[in-house]
>>> print(open('coords20.txt').read())   # compact mmCIF, C-alpha atoms
# COMPACT_ATOMS: atom_id res chain seq x y z
CA MET A 167 40.61 42.94 -22.79
CA SER A 168 38.21 45.46 -21.20
CA PHE A 169 34.62 45.76 -22.38
CA GLY A 170 34.27 47.27 -25.84
CA ALA A 171 38.00 47.62 -26.52
CA GLU A 172 37.82 45.19 -29.46
CA PHE A 173 35.27 47.33 -31.33
CA LEU A 174 35.22 50.88 -29.96
CA ARG A 175 37.74 53.68 -30.19
CA HIS A 176 36.59 55.13 -26.85
CA PRO A 177 34.97 52.37 -24.78
CA ASP A 178 35.08 54.63 -21.73
CA LEU A 179 32.60 56.96 -23.48
CA PHE A 180 29.97 54.21 -23.88
CA PRO A 181 26.48 55.73 -23.52
CA GLY A 182 25.25 55.63 -19.93
CA ARG A 183 21.59 55.99 -20.95
CA ARG A 184 19.30 56.01 -23.99
CA SER A 185 20.03 59.40 -25.45
CA GLY A 186 21.39 60.99 -28.59
CA GLU A 187 20.21 62.04 -32.04
CA THR A 188 17.87 59.54 -33.64
CA TRP A 189 18.08 58.80 -37.36
CA GLY A 190 14.52 59.89 -38.11
CA GLU A 191 10.87 59.43 -37.25
CA GLY A 192 10.35 55.98 -38.73
CA SER A 193 9.29 52.94 -36.75
CA VAL A 194 8.87 49.22 -37.37
CA THR A 195 7.41 46.50 -35.17
CA LEU A 196 8.58 42.93 -35.64
CA ASP A 197 6.50 39.87 -34.74
CA VAL A 198 9.22 37.50 -33.60
CA PRO A 199 8.95 34.98 -30.68
CA GLY A 200 9.15 36.78 -27.33
CA GLY A 201 8.00 39.99 -29.03
CA PRO A 202 6.71 42.15 -30.47
CA TYR A 203 9.88 44.21 -30.89
CA ARG A 204 9.58 47.86 -31.88
CA PHE A 205 12.40 49.88 -33.48
CA SER A 206 11.90 53.65 -33.45
CA GLY A 207 13.93 56.67 -34.50
CA LEU A 208 14.57 55.15 -37.93
CA ALA A 209 15.51 56.89 -41.15
CA ALA A 210 13.26 56.02 -44.09
CA ALA A 211 16.03 53.91 -45.66
CA GLN A 212 16.52 51.97 -42.42
CA GLU A 213 12.79 51.31 -42.17
CA GLU A 214 12.67 50.12 -45.75
CA ALA A 215 15.71 47.87 -45.25
CA LEU A 216 14.08 46.24 -42.21
CA ARG A 217 10.86 45.63 -44.14
CA HIS A 218 12.87 44.06 -46.93
CA ARG A 219 14.89 41.91 -44.51
CA PHE A 220 12.07 40.71 -42.25
CA GLY A 221 9.20 40.75 -44.76
CA GLY A 222 5.95 39.51 -43.31
CA LEU A 223 7.26 39.74 -39.75
CA CYS A 224 7.15 43.55 -40.02
CA ARG A 225 4.12 45.68 -39.42
CA PRO A 226 3.69 49.40 -38.94
CA ALA A 227 3.98 50.47 -35.31
CA GLY A 228 0.68 51.05 -33.58
CA THR A 229 -1.29 48.43 -35.49
CA GLY A 230 -1.00 45.78 -32.83
CA GLY A 231 -3.22 47.39 -30.18
CA VAL A 232 -2.54 45.95 -26.73
CA GLU A 233 0.40 43.93 -28.08
CA ASP A 234 2.26 47.08 -29.03
CA ALA A 235 2.01 48.32 -25.46
CA THR A 236 4.06 45.31 -24.38
CA ALA A 237 6.60 45.61 -27.20
CA ALA A 238 10.27 45.70 -26.34
CA GLY A 239 11.10 49.17 -27.61
CA THR A 240 14.45 50.20 -29.04
CA LEU A 241 15.47 53.70 -30.00
CA VAL A 242 18.05 53.90 -32.77
CA PHE A 243 20.63 56.69 -32.58
CA ARG A 244 23.30 58.03 -34.90
CA ALA A 245 26.89 57.32 -33.97
CA PRO A 246 29.94 58.69 -35.80
CA ALA A 247 31.78 56.06 -37.85
CA ALA A 248 34.97 57.35 -36.25
CA ASP A 249 33.80 55.97 -32.88
CA PHE A 250 34.31 52.40 -34.19
CA LEU A 251 37.54 50.59 -34.91
CA GLU A 252 38.20 49.37 -38.44
CA ILE A 253 38.34 45.58 -38.30
CA ASP A 254 39.70 43.23 -40.93
CA THR A 255 36.98 40.60 -40.95
CA ARG A 256 38.70 38.10 -43.26
CA GLY A 257 38.79 34.76 -41.47
CA TRP A 258 37.44 36.41 -38.37
CA GLU A 259 34.82 34.86 -36.11
CA TYR A 260 32.44 37.54 -34.94
CA ALA A 261 31.45 37.48 -31.27
CA LEU A 262 29.62 40.38 -29.69
CA ASP A 263 31.11 41.81 -26.52
CA LEU A 264 28.59 41.73 -23.65
CA ASP A 265 28.79 43.43 -20.29
CA PRO A 266 25.89 42.20 -18.13
CA ALA A 267 24.76 43.91 -14.91
CA PRO A 268 21.79 43.10 -12.64
CA SER A 269 19.37 45.43 -14.47
CA SER A 270 21.22 46.35 -17.66
CA LEU A 271 23.31 44.93 -20.46
CA ARG A 272 25.89 46.74 -22.58
CA VAL A 273 26.76 45.42 -26.02
CA ALA A 274 29.62 46.35 -28.33
CA GLY A 275 30.05 44.95 -31.82
CA LEU A 276 30.91 45.65 -35.40
CA ARG A 277 29.73 49.24 -35.89
CA LEU A 278 27.25 48.99 -33.07
CA MET A 279 26.87 49.97 -29.46
CA ALA A 280 23.73 49.01 -27.59
CA ARG A 281 22.32 48.87 -24.13
CA LEU A 282 19.30 47.16 -22.61
CA ASP A 283 17.80 48.48 -19.40
CA TRP A 284 15.20 46.61 -17.40
CA ALA A 285 14.02 49.43 -15.16
CA PRO A 286 11.10 49.75 -15.20
CA ALA A 287 10.49 47.62 -18.34
CA LEU A 288 12.88 46.36 -20.97
CA ALA A 289 14.01 49.22 -23.21
CA GLY A 290 16.88 49.30 -25.64
CA GLY A 291 19.15 51.85 -27.24
CA LEU A 292 21.14 51.12 -30.40
CA TRP A 293 23.88 53.42 -31.70
CA THR A 294 25.29 52.86 -35.18
CA PRO A 295 26.73 54.77 -38.12
CA GLU A 296 24.95 52.44 -40.59
CA ALA A 297 22.26 54.42 -42.43
CA ALA A 298 20.80 51.80 -44.76
CA GLY A 299 21.20 48.55 -46.63
CA GLU A 300 22.61 45.21 -45.52
CA GLU A 301 25.17 46.83 -43.21
CA TRP A 302 22.30 48.33 -41.22
CA THR A 303 20.13 45.19 -41.20
CA SER A 304 23.15 43.19 -40.09
CA VAL A 305 23.67 45.55 -37.13
CA CYS A 306 19.98 45.37 -36.33
CA GLU A 307 19.82 41.57 -36.60
CA ASN A 308 22.84 41.07 -34.34
CA TYR A 309 21.22 43.31 -31.76
CA LEU A 310 17.79 41.69 -32.16
CA ARG A 311 19.22 38.22 -31.54
CA ILE A 312 20.28 39.37 -28.08
CA VAL A 313 16.99 41.06 -27.24
CA VAL A 314 15.04 37.96 -28.32
CA ALA A 315 17.24 35.73 -26.13
CA TYR A 316 16.62 37.92 -23.07
CA ARG A 317 12.89 38.39 -23.73
CA LEU A 318 12.36 34.66 -24.17
CA LEU A 319 14.29 33.87 -21.01
CA ALA A 320 11.99 36.21 -19.08
CA ALA A 321 9.04 34.24 -20.50
CA ASP A 322 10.49 30.81 -19.53
CA GLY A 323 11.71 30.25 -23.07
CA VAL A 324 15.14 30.03 -24.62
CA VAL A 325 17.00 30.67 -27.86
CA LEU A 326 19.19 27.73 -28.86
CA HIS A 327 22.11 27.45 -31.27
CA SER A 328 20.59 24.56 -33.15
CA ALA A 329 19.23 23.19 -36.37
CA GLY A 330 15.46 22.89 -36.18
CA ILE A 331 14.08 20.02 -38.27
CA THR A 332 10.40 19.21 -38.69
CA ASP A 333 8.28 16.60 -40.42
CA GLY A 334 5.41 19.06 -40.28
CA ALA A 335 3.89 17.57 -37.13
CA SER A 336 6.68 18.07 -34.57
CA ALA A 337 10.31 19.17 -34.48
CA TRP A 338 13.77 18.03 -33.47
CA LEU A 339 16.56 20.32 -32.34
CA LEU A 340 20.12 19.38 -33.30
CA LEU A 341 22.47 21.15 -30.90
CA GLY A 342 26.05 22.12 -31.39
CA PRO A 343 28.47 25.01 -31.68
CA SER A 344 29.78 26.31 -35.01
CA GLY A 345 31.44 23.46 -36.85
CA ALA A 346 29.49 20.71 -35.09
CA GLY A 347 27.55 19.97 -38.26
CA LYS A 348 24.23 21.80 -37.89
CA THR A 349 24.21 23.04 -41.49
CA THR A 350 25.48 19.71 -42.84
CA ALA A 351 22.82 17.85 -40.86
CA SER A 352 20.19 20.33 -42.06
CA ARG A 353 21.15 19.72 -45.69
CA LEU A 354 20.95 15.95 -45.19
CA CYS A 355 17.49 16.23 -43.64
CA LEU A 356 16.34 18.69 -46.30
CA ALA A 357 17.47 16.30 -49.03
CA ALA A 358 15.50 13.52 -47.34
CA GLY A 359 12.31 15.56 -47.48
CA ALA A 360 12.20 17.15 -44.02
CA GLU A 361 11.72 20.88 -43.47
CA VAL A 362 14.46 22.95 -41.85
CA LEU A 363 13.26 25.81 -39.65
CA SER A 364 16.72 27.32 -39.15
CA ASP A 365 20.21 25.85 -39.24
CA ASP A 366 21.49 28.34 -36.67
CA LEU A 367 19.04 29.65 -34.05
CA ASN A 368 15.65 28.31 -32.95
CA ALA A 369 13.44 29.25 -30.03
CA VAL A 370 11.75 26.99 -27.51
CA VAL A 371 8.71 28.43 -25.78
CA PRO A 372 6.37 26.92 -23.20
CA GLY A 373 3.15 25.68 -24.74
CA GLU A 374 -0.05 24.38 -23.20
CA GLY A 375 0.67 22.56 -19.94
CA ASN A 376 4.28 23.76 -20.25
CA ARG A 377 4.92 21.37 -23.12
CA PRO A 378 7.88 22.76 -25.05
CA LEU A 379 7.23 24.14 -28.52
CA VAL A 380 9.84 24.98 -31.13
CA ALA A 381 9.26 28.43 -32.61
CA ARG A 382 10.79 29.59 -35.87
CA LEU A 383 13.23 32.50 -35.66
CA PRO A 384 14.28 34.64 -38.64
CA PHE A 385 17.95 33.97 -37.93
CA THR A 386 19.73 31.45 -40.11
CA GLY A 387 23.23 30.23 -40.83
CA ASP A 388 24.89 29.14 -44.05
CA LEU A 389 21.71 27.44 -45.27
CA GLY A 390 20.10 30.85 -45.77
CA GLU A 391 16.64 32.21 -45.29
CA ARG A 392 14.10 29.67 -44.03
CA GLN A 393 11.36 32.13 -43.13
CA GLY A 394 7.90 30.62 -43.40
CA ARG A 395 5.11 32.09 -45.42
CA GLN A 396 2.79 34.57 -43.74
CA GLY A 397 0.01 32.79 -41.90
CA GLU A 398 1.94 29.52 -41.96
CA ARG A 399 2.31 27.53 -38.77
CA GLU A 400 5.20 28.87 -36.67
CA THR A 401 5.42 26.48 -33.70
CA TRP A 402 5.86 22.72 -33.45
CA PRO A 403 5.88 20.39 -30.41
CA LEU A 404 9.49 19.56 -29.53
CA ARG A 405 10.00 15.82 -30.02
CA GLY A 406 13.63 15.50 -28.94
CA LEU A 407 17.11 16.96 -28.61
CA LEU A 408 20.26 15.69 -30.26
CA ARG A 409 23.78 16.87 -29.46
CA LEU A 410 25.67 16.57 -32.73
CA ARG A 411 29.10 15.15 -33.38
CA GLN A 412 30.57 14.29 -36.75
CA GLY A 413 32.29 10.94 -36.88
CA PRO A 414 33.09 8.02 -39.15
CA ARG A 415 29.89 6.09 -38.41
CA GLU A 416 26.48 6.61 -36.88
CA GLU A 417 26.18 6.22 -33.17
CA LEU A 418 23.37 7.20 -30.89
CA SER A 419 23.66 7.33 -27.11
CA PRO A 420 21.17 8.71 -24.61
CA LEU A 421 22.11 11.79 -22.58
CA SER A 422 21.42 12.00 -18.87
CA PRO A 423 19.25 14.96 -17.76
CA ALA A 424 22.42 16.70 -16.52
CA ALA A 425 24.29 16.11 -19.77
CA ALA A 426 21.27 17.32 -21.76
CA THR A 427 21.01 20.41 -19.54
CA ALA A 428 24.71 21.08 -20.09
CA ALA A 429 24.31 20.72 -23.86
CA LEU A 430 21.40 23.14 -23.76
CA ALA A 431 23.32 25.62 -21.59
CA ALA A 432 26.27 25.56 -23.96
CA ALA A 433 23.83 26.23 -26.81
CA SER A 434 22.05 29.19 -25.15
CA PRO A 435 23.74 32.21 -26.68
CA TYR A 436 24.23 35.49 -24.82
CA VAL A 437 22.25 34.62 -21.68
CA ASN A 438 24.64 31.80 -20.76
CA ARG A 439 27.32 34.46 -20.27
CA ASP A 440 25.16 36.51 -17.91
CA PRO A 441 25.94 35.66 -14.29
CA PHE A 442 22.79 37.44 -13.10
CA ARG A 443 20.50 35.15 -15.08
CA ARG A 444 22.19 31.78 -14.79
CA GLU A 445 19.95 30.29 -12.14
CA PRO A 446 16.71 30.94 -14.04
CA LEU A 447 18.41 29.77 -17.24
CA LEU A 448 19.51 26.47 -15.70
CA ALA A 449 16.05 25.93 -14.18
CA ILE A 450 14.38 26.42 -17.58
CA LEU A 451 16.91 24.16 -19.32
CA GLU A 452 16.58 21.41 -16.74
CA GLY A 453 12.82 21.49 -17.24
CA LEU A 454 13.36 21.20 -20.97
CA ALA A 455 15.86 18.36 -20.61
CA ARG A 456 13.37 16.43 -18.48
CA ALA A 457 10.43 17.11 -20.79
CA VAL A 458 11.85 15.51 -23.94
CA PRO A 459 14.31 12.71 -24.73
CA ALA A 460 17.91 13.68 -25.54
CA TRP A 461 20.73 11.83 -27.28
CA GLU A 462 24.23 12.40 -28.53
CA LEU A 463 24.26 11.65 -32.25
CA THR A 464 27.47 10.92 -34.06
CA PHE A 465 26.83 11.09 -37.78
CA SER A 466 28.76 10.88 -41.01
CA LEU A 467 28.25 12.71 -44.28
CA GLU A 468 26.78 9.53 -45.74
CA ALA A 469 24.32 9.19 -42.91
CA GLY A 470 20.64 8.70 -43.39
CA LEU A 471 20.22 11.29 -40.67
CA TRP A 472 16.55 11.88 -41.22
CA SER A 473 15.80 8.18 -41.13
CA ILE A 474 17.59 8.04 -37.77
CA LEU A 475 15.32 10.78 -36.44
CA GLU A 476 12.26 9.09 -37.88
CA GLY A 477 13.38 5.84 -36.28
CA LEU A 478 13.66 7.54 -32.89
CA ALA A 479 10.12 8.81 -33.23
CA LYS A 480 8.69 5.31 -33.54
CA MET B 140 49.83 26.36 -8.54
CA THR B 141 48.89 25.60 -4.93
CA ALA B 142 49.34 21.97 -3.91
CA ILE B 143 46.11 20.57 -2.52
CA THR B 144 46.48 18.59 0.69
CA ALA B 145 44.01 17.27 3.26
CA SER B 146 44.45 20.47 5.28
CA THR B 147 43.76 22.86 2.38
CA VAL B 148 40.55 24.88 2.65
CA LEU B 149 38.90 25.44 -0.71
CA ARG B 150 35.86 27.33 -1.85
CA ARG B 151 33.94 27.60 -5.08
CA ARG B 152 35.07 30.49 -7.23
CA GLN B 153 32.65 33.38 -7.29
CA ASP B 154 31.85 33.02 -10.99
CA VAL B 155 30.91 29.35 -10.69
CA ARG B 156 27.22 28.47 -10.73
CA TYR B 157 26.00 24.91 -10.60
CA ARG B 158 22.81 22.95 -10.45
CA ARG B 159 22.46 19.44 -9.13
CA ILE B 160 20.43 17.21 -11.40
CA GLU B 161 19.84 13.73 -10.05
CA ASP B 162 23.30 12.44 -9.12
CA GLU B 163 25.24 14.81 -11.35
CA ALA B 164 25.90 18.55 -11.47
CA VAL B 165 25.90 21.02 -14.33
CA VAL B 166 28.50 23.72 -13.81
CA LEU B 167 28.65 27.07 -15.60
CA ARG B 168 31.61 29.42 -15.51
CA GLN B 169 31.01 33.07 -16.25
CA SER B 170 34.39 33.74 -17.77
CA ALA B 171 34.01 31.41 -20.74
CA ALA B 172 30.36 30.38 -21.01
CA GLU B 173 31.87 26.99 -20.29
CA VAL B 174 29.61 24.13 -19.25
CA LEU B 175 30.76 21.02 -17.43
CA VAL B 176 28.98 17.94 -16.11
CA LEU B 177 30.32 16.49 -12.87
CA ASN B 178 29.59 13.04 -11.51
CA GLY B 179 28.11 12.42 -8.09
CA VAL B 180 31.39 12.75 -6.18
CA GLY B 181 32.29 15.93 -8.06
CA ALA B 182 28.87 17.36 -7.32
CA SER B 183 29.25 16.51 -3.63
CA VAL B 184 32.66 18.18 -3.56
CA LEU B 185 31.13 21.37 -4.95
CA ASP B 186 28.48 21.22 -2.21
CA LEU B 187 31.21 20.77 0.42
CA ALA B 188 33.53 23.50 -0.88
CA ASP B 189 32.19 26.21 1.38
CA GLY B 190 35.51 27.81 2.26
CA ARG B 191 35.28 26.71 5.88
CA ARG B 192 36.00 22.99 6.06
CA PRO B 193 39.36 21.50 5.05
CA VAL B 194 39.54 18.81 2.38
CA SER B 195 39.97 16.17 5.12
CA ALA B 196 36.41 16.93 6.28
CA TRP B 197 35.14 16.33 2.72
CA ILE B 198 36.94 12.99 2.69
CA ASP B 199 35.31 11.97 5.97
CA ALA B 200 31.88 13.03 4.75
CA LEU B 201 32.18 11.29 1.38
CA ALA B 202 33.67 8.08 2.83
CA GLU B 203 30.67 7.89 5.10
CA GLU B 204 28.13 8.86 2.40
CA TYR B 205 29.40 6.28 -0.08
CA GLY B 206 30.46 3.69 2.53
CA ALA B 207 33.86 3.57 0.85
CA ASP B 208 37.41 3.01 2.01
CA ARG B 209 38.81 6.32 3.33
CA GLU B 210 42.16 5.91 1.62
CA THR B 211 40.53 5.43 -1.77
CA VAL B 212 38.18 8.36 -1.22
CA SER B 213 41.12 10.50 -0.10
CA ARG B 214 43.05 9.75 -3.28
CA ASP B 215 40.03 10.45 -5.51
CA VAL B 216 39.02 13.63 -3.71
CA LEU B 217 42.54 15.10 -3.69
CA GLU B 218 42.89 14.32 -7.37
CA PHE B 219 39.50 15.85 -8.20
CA ALA B 220 40.14 18.92 -6.00
CA GLY B 221 43.42 19.52 -7.83
CA GLU B 222 41.73 19.22 -11.21
CA ALA B 223 38.83 21.44 -10.12
CA ALA B 224 41.26 24.09 -8.86
CA ALA B 225 43.24 23.91 -12.11
CA ALA B 226 39.99 24.26 -14.07
CA GLY B 227 39.10 27.36 -12.07
CA LEU B 228 36.13 25.88 -10.23
CA LEU B 229 37.71 25.93 -6.76
CA GLU B 230 40.23 28.23 -5.11
CA PRO B 231 42.13 28.09 -1.80
CA VAL B 232 40.91 30.42 0.91
CA PRO B 233 43.81 32.80 1.61
CA GLY B 234 45.41 32.27 4.99
CA ILE B 235 43.38 29.20 5.93
CA GLY B 236 44.86 25.75 5.77
CA GLU B 237 47.43 26.60 3.10
CA PRO B 238 50.45 24.36 3.15
CA GLY B 239 53.33 26.07 4.92
>>> encode(input="coords20.txt", output="structure tokens")
Amino acid sequence: MSFGAEFLRHPDLFPGRRSGETWGEGSVTLDVPGGPYRFSGLAAAQEEALRHRFGGLCRPAGTGGVEDATAAGTLVFRAPAADFLEIDTRGWEYALDLDPAPSSLRVAGLRLMARLDWAPALAGGLWTPEAAGEEWTSVCENYLRIVVAYRLLAADGVVLHSAGITDGASAWLLLGPSGAGKTTASRLCLAAGAEVLSDDLNAVVPGEGNRPLVARLPFTGDLGERQGRQGERETWPLRGLLRLRQGPREELSPLSPAAATAALAAASPYVNRDPFRREPLLAILEGLARAVPAWELTFSLEAGLWSILEGLAK
Amino acid sequence: MTAITASTVLRRRQDVRYRRIEDEAVVLRQSAAEVLVLNGVGASVLDLADGRRPVSAWIDALAEEYGADRETVSRDVLEFAGEAAAAGLLEPVPGIGEPG
């Protein structure tokens, strides 16, 4: 299927540049790892919905001084609802359609079209018919996930499909695709007294001396919102990686650096489908795989999963 | 599907990217965000699949590198090359070394 055909009525009319009629004059800047990220051209209802969705991560544009000058800026444009195909989403697994090029990326999705251009600096355009409410924040969040993944990659970081678990001092990342057990494992750890950062997407960023740090992202799965309180710590030293498998009994086996790199690559959404960024991605992931221990963990629903992690830490 | 013989010339498909890590290789395919881990021999085969040398030259090189029996290496390499071609990692170079 050609790019956009799953979502758009006229994929051949996909915007070639950031232009169109914006929704309004509103603007919001989000403090999320790899950011800040600034959304402009917003209607008042869109701005309000973003503030409601992202809470303390939002601040008015222009209040961040030098930081705002480095923000990844996105202009939000109106798009007619008729430009998008009606999709029956019952039992449907949503996957955005990406069309990477050396210095741009086109994105098509549920009631959204977007493009990122890297010349001269990263700038985004987002076209949607969603004027407010959860439909709009859902469009925005799906787009933001992609921008964060690309911004972090450019900063030697990575977004990982993972459950992030912390004891308050450091963090584990449990890797796996949908259905591997990230949410189940998160619930088990939560019940045992650990904190869950997100059961879906977590960021790893280079810390002092390139030591990997886990950074909380405001993107969660079935477990729901895990956003920390304002001013609360938002990064933790990465203690280890576990590739999850559900099975009848607990089993733990070490992963080679190559196997760990492969598990990380499979868990790096969006950028792992971009042929123009695969070499830097693999280099970052290999560094990560060598920096911390990695295992494959087979676990059962009865497992004392958190005690296994605590045992590994000793 | 093309039968792979010692005279077949294969190359890595354009959408295949790989990185050698110690004695293994991590392979990414663009088409499916698919990630594979190959063992040392598989990694060496990817290195050798330059679209110029026939499979027989890989067999010679690997038999020497691993100090192994050529017949055994030949069987393993032909089997792996067939699997790698079926998995879309390798493809025959048109007009070179194809079985007649």
>>> closest_residue(input="coords20.txt", among="B:Leu149, B:Val176, B:Ala200, B:Leu229", to="Val212 in chain B", atoms="all atoms listed in the file")
B:Ala200
>>> residues_near_point(input="coords20.txt", point="(17.4, 36.5, -16.2)", cutoff="12 Å", atoms="only C-alpha atoms", output="PyMOL selection string")
chain A and resi 266-271+284+288+313+315-324+436-450
>>> interface_residues(input="coords20.txt", of="chain B", to="chain A", cutoff="10 Å", atoms="only C-alpha atoms", output="ChimeraX atom specification")
/B:153-178
>>> atom_distance(input="coords20.txt", atom1="CA of Glu230 in chain B", atom2="CA of Thr144 in chain B")
12.9 Å
>>> residues_near_point(input="coords20.txt", point="(18.0, 39.7, -41.1)", cutoff="10 Å", atoms="only C-alpha atoms", output="ChimeraX atom specification")
/A:215-221,300,302-308,310-311,384-386,391
>>> write_last_selection(input="coords20.txt", atoms="C-alpha atoms", output="short mmCIF file (atom, residue, chain, number, x, y, z; two decimals), in the frame of the given file")
data_model
loop_
_atom_site.label_atom_id
_atom_site.label_comp_id
_atom_site.auth_asym_id
_atom_site.auth_seq_id
_atom_site.Cartn_x
_atom_site.Cartn_y
_atom_site.Cartn_z
CA ALA A 215 15.71 47.87 -45.25
CA LEU A 216 14.08 46.24 -42.21
CA ARG A 217 10.86 45.63 -44.14
CA HIS A 218 12.87 44.06 -46.93
CA ARG A 219 14.89 41.91 -44.51
CA PHE A 220 12.07 40.71 -42.25
CA GLY A 221 9.20 40.75 -44.76
CA GLU A 300 22.61 45.21 -45.52
CA TRP A 302 22.30 48.33 -41.22
CA THR A 303 20.13 45.19 -41.20
CA SER A 304 23.15 43.19 -40.09
CA VAL A 305 23.67 45.55 -37.13
CA CYS A 306 19.98 45.37 -36.33
CA GLU A 307 19.82 41.57 -36.60
CA ASN A 308 22.84 41.07 -34.34
CA LEU A 310 17.79 41.69 -32.16
CA ARG A 311 19.22 38.22 -31.54
CA PRO A 384 14.28 34.64 -38.64
CA PHE A 385 17.95 33.97 -37.93
CA THR A 386 19.73 31.45 -40.11
CA GLU A 391 16.64 32.21 -45.29
#
>>> decode(input="coords20.txt", residues="range 144-189 of chain B", atoms="C-alpha atoms", output="CSV table (one decimal), in the first residue's frame")
chain,number,residue,atom,x,y,z
B,144,THR,CA,24.8,-23.0,-5.7
B,145,ALA,CA,28.5,-22.5,-5.3
B,146,SER,CA,28.6,-20.4,-8.5
B,147,THR,CA,25.8,-18.1,-7.5
B,148,VAL,CA,26.8,-14.5,-6.8
B,149,LEU,CA,24.8,-12.9,-4.0
B,150,ARG,CA,24.7,-9.4,-2.5
B,151,ARG,CA,23.1,-7.9,0.5
B,152,ARG,CA,19.7,-6.3,-0.3
B,153,GLN,CA,19.7,-2.6,-0.4
B,154,ASP,CA,17.4,-2.2,2.6
B,155,VAL,CA,19.5,-4.4,4.9
B,156,ARG,CA,21.7,-2.7,7.5
B,157,TYR,CA,23.8,-4.6,9.9
B,158,ARG,CA,26.3,-4.0,12.7
B,159,ARG,CA,28.9,-6.5,13.8
B,160,ILE,CA,29.0,-6.8,17.6
B,161,GLU,CA,31.8,-9.1,18.9
B,162,ASP,CA,31.3,-12.4,17.0
B,163,GLU,CA,27.6,-11.7,16.1
B,164,ALA,CA,25.7,-9.3,13.8
B,165,VAL,CA,22.5,-7.4,14.4
B,166,VAL,CA,20.6,-7.0,11.1
B,167,LEU,CA,17.8,-4.5,10.5
B,168,ARG,CA,15.5,-4.7,7.5
B,169,GLN,CA,13.7,-1.5,6.4
B,170,SER,CA,10.6,-3.1,5.1
B,171,ALA,CA,9.4,-4.5,8.4
B,172,ALA,CA,11.5,-3.0,11.2
B,173,GLU,CA,12.6,-6.5,11.7
B,174,VAL,CA,15.7,-7.3,13.8
B,175,LEU,CA,17.7,-10.4,13.5
B,176,VAL,CA,20.8,-11.7,15.3
B,177,LEU,CA,23.2,-13.7,13.2
B,178,ASN,CA,26.0,-15.9,14.6
B,179,GLY,CA,29.7,-15.5,13.6
B,180,VAL,CA,29.4,-17.5,10.3
B,181,GLY,CA,26.2,-15.6,9.3
B,182,ALA,CA,27.9,-12.3,10.1
B,183,SER,CA,30.9,-13.3,8.0
B,184,VAL,CA,28.6,-14.3,5.1
B,185,LEU,CA,27.0,-10.8,5.2
B,186,ASP,CA,30.5,-9.3,5.1
B,187,LEU,CA,31.4,-11.5,2.1
B,188,ALA,CA,28.1,-10.8,0.2
B,189,ASP,CA,29.5,-8.0,-1.9
